[in-house]
Amino acid sequence: CSKLPDYIHDELRHFITKWTPLVAAYFNPYVQVTISEQSDEQFRRNELFDDISAYLTDKCAGGARRLKAELGKDGKLPEITLDDDVHVTDDHQGARVWWYASNKGPSYRSPGPVVSLFPYDTEPRLFRAVFHKRHRRVMLDDYLPGALEKGRGLIATMARERRLFTNHRPGNRSTWCHVPFEHPATFDKLAMDPDHKKEITDDLEAFMDGKQYYSDVGKAWKRGYLLHGPPGTGKSTLISAMANKLKYDVYDLDLTSVKNNAELRKLFIETKGKSIIVIEDIDAIEVDLAGNRKVADKKGAGGSCCDPLDPNKDDGSKVTLSGLLSFVDGLWSASGGERVIIFTTNRVDMLDPALTRRGRMDMHIEMSYCRFGAFKVLAKNYLKVEDHDLFDEIRQLLDDTDTSPADVAHNLMPKCKKRRRDDSDRSSSDVARMDADTSLAGLVETLKKARRESVTAPAAVKL
Ligand SMILES: Nc1ncnc2c1ncn2[C@@H]1O[C@H](COP(=O)(O)OP(=O)(O)OP(=O)(O)O)[C@@H](O)[C@H]1O
Ligand SMILES: [Mg+2]
């Protein structure tokens with residue numbers, strides 16, 4: 001209507017602008033239903049989008065002209081989904097529906113009245129069903145509910161591949177991309193003090209079974225863990241073991257590529273339930289967060305940081321500590337349902353007190369240097385050895401030195417491969433025993449060297 005000639009006076013222009021779309025809609029015989037990826041009502045991902053996606057993948061993919069294939073879990077069978085901007089048709093009781101998959105937002109309109117089940121606010125992906133209006137009743141009352149239910153059933157029964165997400169910024173927009181999550185870590189293989197390990201697994205089990213408890217006490221069904229310890233002590237490995245135990249997806253959030261709190265909120269909203277959100281090395285991004293801490297101090301942790309007088313105010317150009325904390329245990333933390341939030345750090349003492357204060361994260365887990373209990377797990381994993389003549393000496397050396405499980409594991413690994421190449425004609429149990437002897441002897445030497453160095457190191461510092 002902006003293209004109407006200038007000589008048309010305002011009243012007529014207003015009339016045309018108001019009535020043209022309505023008249024066009026009246027005569028358009030087609031109805032559209034859109035199902036957006038994002039529900040703006042609940043500020044969470046729209047689960048119906050996933051249901052319909054599963055339904056269409058199963059039912060309609062054969063009719064699509066362009067399909068998107070991603071490698072399935074075993075790396076062989078492709079997982080087929082509709083590519084963006086293609087359509088497929090589906091028939092139900094003599095009525096035909098055209099399904100469109102689109103990544104375009106509000107500007108993407110085709111003529112006809114729109115029944116929007118889940119309206120959108122910012123460029124979500126969406127599915128759009130278009131059908132003749134004489135089939136309106138059968139489509140809305142029968143076909144669509146049936147398709148959604150079938151999709152939900154498919155999701156429930158499908159052994160869904162779990163995913164590892166990370167955020168990135170193609171263009172000027174922050175979004176998640178993913179790869180299959182295939183880390184083999186389990187609690188059985190994790191080298192740590194057995195009592196400590198049991199404490200963590202008990203906590204996770206209580207969380208998994210805690211739906212009713214969380215609802216009864218009026219708490220959001222989420223759990224926060226702060227993992228701290230020196231490099232190579234197994235923090236990332238523990239996260240993978242947790243994800244495998246809970247059967248959750250993992251969202252590895254890189255805060256350095258998040259522009260501001262609004263973008264952070266959008267990323268959180270886009271995460272699904274039954275997921276672990278991880279922010280690794282939180283101490284490394286402390287510079288930005290600490291700057292904004294001054295504001296959080298004034299307002300109270302987790303409070304607003306929009307102080308117009310403060311140079312560190314949330315001016316929409318950065319992620320602030322209070323912005324982050326509002327997802328950890330503020331109002332936003334309840335969005336999206338069952339989830340775990342994990343921070344990791346090498347330097348817990350350097351963290352902002354707002355992050356470490358009591359009650360902020362539900363559990364602080366210290367991953368420590370390798371002592372004998374943890375070593376026994378590694379010896380079993382790598383060498384299949386549960387006892388050995390060198391164990392007593394190794395116990396003493398591990399008590400005397402601060403060696404990370406990663407370093408111990410490194411000592412148990414490479415020599416095995418070397419020996420196997422040299423000794424292909426020996427029996428496998430002989431080779432395994434010799435591997436163990438060599439690796440453990442090598443470990444003893446490494447630990448002795450580390451002990452010597454740790455004794456001389458302080459003197460060197462004084463000089
Ligand atoms: N507790 C452990 N149990 C089993 N394996 C471990 C453990 N700690 C370290 N490892 C081994 O060492 C490697 C490095 O460990 P990991 O990446 O989990 O350490 P990290 O604590 O996350 O280190 P960083 O602080 O540098 O991120 C792992 O791939 C794993 O093989
Ligand atoms: Mg790590």
# chains A, B, ... in the order shown; residues from 1 in each chain; ligands from 1
>>> residues_near_ligand(ligand="ligand 2", cutoff="10 Å", atoms="only C-alpha atoms and all ligand atoms", output="PDB file with N, CA and C atoms, in the first residue's frame")
ATOM      1  N   LEU A 227      32.801 -27.632  39.375  1.00  0.00           N
ATOM      2  CA  LEU A 227      33.920 -28.580  39.383  1.00  0.00           C
ATOM      3  C   LEU A 227      35.213 -27.791  39.417  1.00  0.00           C
ATOM      4  N   HIS A 228      36.030 -28.055  40.405  1.00  0.00           N
ATOM      5  CA  HIS A 228      37.291 -27.325  40.453  1.00  0.00           C
ATOM      6  C   HIS A 228      38.448 -28.271  40.742  1.00  0.00           C
ATOM      7  N   GLY A 229      39.596 -27.891  40.248  1.00  0.00           N
ATOM      8  CA  GLY A 229      40.785 -28.719  40.445  1.00  0.00           C
ATOM      9  C   GLY A 229      41.808 -28.386  39.387  1.00  0.00           C
ATOM     10  N   PRO A 230      43.046 -28.833  39.605  1.00  0.00           N
ATOM     11  CA  PRO A 230      44.127 -28.509  38.660  1.00  0.00           C
ATOM     12  C   PRO A 230      43.867 -29.120  37.280  1.00  0.00           C
ATOM     13  N   PRO A 231      44.587 -28.647  36.273  1.00  0.00           N
ATOM     14  CA  PRO A 231      44.423 -29.215  34.921  1.00  0.00           C
ATOM     15  C   PRO A 231      44.688 -30.716  34.916  1.00  0.00           C
ATOM     16  N   GLY A 232      43.926 -31.428  34.102  1.00  0.00           N
ATOM     17  CA  GLY A 232      44.167 -32.866  33.929  1.00  0.00           C
ATOM     18  C   GLY A 232      43.669 -33.740  35.057  1.00  0.00           C
ATOM     19  N   THR A 233      42.807 -33.203  35.912  1.00  0.00           N
ATOM     20  CA  THR A 233      42.314 -34.037  37.014  1.00  0.00           C
ATOM     21  C   THR A 233      40.952 -34.656  36.691  1.00  0.00           C
ATOM     22  N   GLY A 234      40.438 -34.394  35.508  1.00  0.00           N
ATOM     23  CA  GLY A 234      39.241 -35.123  35.067  1.00  0.00           C
ATOM     24  C   GLY A 234      37.936 -34.344  35.135  1.00  0.00           C
ATOM     25  N   LYS A 235      37.997 -33.023  35.124  1.00  0.00           N
ATOM     26  CA  LYS A 235      36.749 -32.241  35.212  1.00  0.00           C
ATOM     27  C   LYS A 235      35.881 -32.467  33.954  1.00  0.00           C
ATOM     28  N   SER A 236      36.516 -32.336  32.796  1.00  0.00           N
ATOM     29  CA  SER A 236      35.738 -32.530  31.563  1.00  0.00           C
ATOM     30  C   SER A 236      35.291 -33.986  31.441  1.00  0.00           C
ATOM     31  N   THR A 237      36.154 -34.897  31.875  1.00  0.00           N
ATOM     32  CA  THR A 237      35.791 -36.319  31.820  1.00  0.00           C
ATOM     33  C   THR A 237      34.591 -36.589  32.723  1.00  0.00           C
ATOM     34  N   LEU A 238      34.581 -35.952  33.894  1.00  0.00           N
ATOM     35  CA  LEU A 238      33.445 -36.127  34.812  1.00  0.00           C
ATOM     36  C   LEU A 238      32.144 -35.618  34.174  1.00  0.00           C
ATOM     37  N   ILE A 239      32.226 -34.500  33.472  1.00  0.00           N
ATOM     38  CA  ILE A 239      31.012 -33.963  32.820  1.00  0.00           C
ATOM     39  C   ILE A 239      30.478 -34.983  31.810  1.00  0.00           C
ATOM     40  N   GLU A 280      32.875 -23.933  30.801  1.00  0.00           N
ATOM     41  CA  GLU A 280      34.206 -24.397  31.220  1.00  0.00           C
ATOM     42  C   GLU A 280      35.116 -23.206  31.508  1.00  0.00           C
ATOM     43  N   ASP A 281      36.050 -23.427  32.398  1.00  0.00           N
ATOM     44  CA  ASP A 281      37.080 -22.430  32.718  1.00  0.00           C
ATOM     45  C   ASP A 281      36.465 -21.077  33.022  1.00  0.00           C
ATOM     46  N   THR A 344      33.214 -25.061  35.422  1.00  0.00           N
ATOM     47  CA  THR A 344      34.495 -25.658  35.815  1.00  0.00           C
ATOM     48  C   THR A 344      35.533 -24.562  35.958  1.00  0.00           C
ATOM     49  N   THR A 345      36.475 -24.802  36.811  1.00  0.00           N
ATOM     50  CA  THR A 345      37.573 -23.841  36.984  1.00  0.00           C
ATOM     51  C   THR A 345      38.814 -24.539  37.515  1.00  0.00           C
ATOM     52  N   ASN A 346      39.967 -24.001  37.153  1.00  0.00           N
ATOM     53  CA  ASN A 346      41.227 -24.480  37.728  1.00  0.00           C
ATOM     54  C   ASN A 346      41.556 -23.718  38.998  1.00  0.00           C
TER      55      ASN A 346
END
>>> select_by_dssp(residues="stretch 150-274 of chain A", states="strand (DSSP E or B)", output="VMD selection string")
chain A and resid 163 to 168 175 to 180 222 to 228 249 to 252
>>> atom_distance(atom1="atom CA of A:Ile282", atom2="atom 21 (O, counted along the ligand's line) of ligand 1")
12.9 Å
>>> residues_around(residues="A:Glu393", least_positions_apart="5", cutoff="12 Å", atoms="only C-alpha atoms", output="list in words")
Phe372, His388, Leu398, Asp399, Asp400, Leu440, Ala441, Leu443, Val444, Glu445, Leu447 and Lys448 of chain A
>>> atom_distance(atom1="atom CA of A:Asp249", atom2="atom CA of A:Asp209")
17.8 Å
>>> closest_residue(among="A:Arg137, A:His196, A:His178, A:Lys449", to="ligand 1", atoms="only C-alpha atoms and all ligand atoms")
A:His196
>>> select_by_dssp(residues="stretch 348-447 of chain A", states="helix (DSSP H, G or I)", output="PyMOL selection string")
chain A and resi 348-350+353-356+372-383+391-400+405-412+414-422+428-447
>>> residues_around(residues="A:Lys380", least_positions_apart="2", cutoff="12 Å", atoms="only C-alpha atoms", output="PyMOL selection string")
chain A and resi 188-191+373-378+382-388+409+412-413+432+436+440
>>> closest_residue(among="A:Ala185, A:Leu264, A:Leu226, A:Leu56", to="ligand 1", atoms="only C-alpha atoms and all ligand atoms")
A:Ala185
>>> closest_residue(among="A:Phe187, A:Tyr7, A:Phe27, A:Trp99", to="ligand 1", atoms="only C-alpha atoms and all ligand atoms")
A:Phe187
>>> atom_distance(atom1="atom CA of A:Ser322", atom2="atom 24 (P, counted along the ligand's line) of ligand 1")
25.6 Å
>>> residues_around(residues="A:Arg358", least_positions_apart="6", cutoff="12 Å", atoms="only C-alpha atoms", output="list of chain:residue names")
A:Gly224, A:Tyr225, A:Leu226, A:His364
>>> residues_around(residues="A:Arg152", least_positions_apart="5", cutoff="10 Å", atoms="only C-alpha atoms", output="ChimeraX atom specification")
/A:47-48,50-55,146-147,157-158
>>> write_last_selection(atoms="C-alpha atoms", output="PDB file, in the first residue's frame")
ATOM      1  CA  GLU A  47       8.098 -29.184  21.962  1.00  0.00           C
ATOM      2  CA  LEU A  48       5.363 -29.457  19.330  1.00  0.00           C
ATOM      3  CA  ASP A  50      10.018 -31.440  17.642  1.00  0.00           C
ATOM      4  CA  ASP A  51       6.923 -33.642  17.532  1.00  0.00           C
ATOM      5  CA  ILE A  52       5.926 -32.462  14.087  1.00  0.00           C
ATOM      6  CA  SER A  53       9.530 -32.640  12.920  1.00  0.00           C
ATOM      7  CA  ALA A  54       9.689 -36.300  13.957  1.00  0.00           C
ATOM      8  CA  TYR A  55       6.349 -36.991  12.306  1.00  0.00           C
ATOM      9  CA  GLY A 146      -2.892 -37.146  15.347  1.00  0.00           C
ATOM     10  CA  ALA A 147       0.350 -36.065  13.649  1.00  0.00           C
ATOM     11  CA  THR A 157      10.491 -44.758  21.222  1.00  0.00           C
ATOM     12  CA  MET A 158      13.379 -43.633  19.042  1.00  0.00           C
TER      13      MET A 158
END
>>> closest_residue(among="A:Tyr369, A:Phe181, A:Trp98, A:Phe15", to="A:Asp193", atoms="only C-alpha atoms")
A:Tyr369
>>> residues_around(residues="A:Ile279", least_positions_apart="5", cutoff="8 Å", atoms="only C-alpha atoms", output="CSV table (one decimal) with N, CA and C atoms, in the first residue's frame")
chain,number,residue,atom,x,y,z
A,252,ASP,N,27.7,-26.9,25.5
A,252,ASP,CA,29.0,-26.3,25.9
A,252,ASP,C,29.0,-24.9,25.6
A,253,LEU,N,28.7,-24.0,26.6
A,253,LEU,CA,28.5,-22.6,26.3
A,253,LEU,C,29.8,-21.8,26.3
A,254,ASP,N,30.1,-21.2,25.2
A,254,ASP,CA,31.3,-20.4,25.1
A,254,ASP,C,30.9,-19.0,25.3
A,255,LEU,N,31.1,-18.5,26.6
A,255,LEU,CA,30.7,-17.1,26.9
A,255,LEU,C,31.4,-16.1,26.1
A,342,ILE,N,26.7,-26.7,34.9
A,342,ILE,CA,28.1,-27.0,35.5
A,342,ILE,C,29.0,-25.9,35.1
A,343,PHE,N,29.8,-25.4,36.1
A,343,PHE,CA,30.9,-24.5,35.9
A,343,PHE,C,32.2,-25.3,36.2
A,344,THR,N,33.2,-25.1,35.4
A,344,THR,CA,34.5,-25.7,35.8
A,344,THR,C,35.5,-24.6,36.0
>>> closest_residue(among="A:Ser326, A:Thr186, A:Leu246, A:Ala354", to="ligand 1", atoms="only C-alpha atoms and all ligand atoms")
A:Thr186
>>> closest_residue(among="A:Met434, A:Leu355, A:Val328, A:Met192", to="ligand 1", atoms="only C-alpha atoms and all ligand atoms")
A:Met192
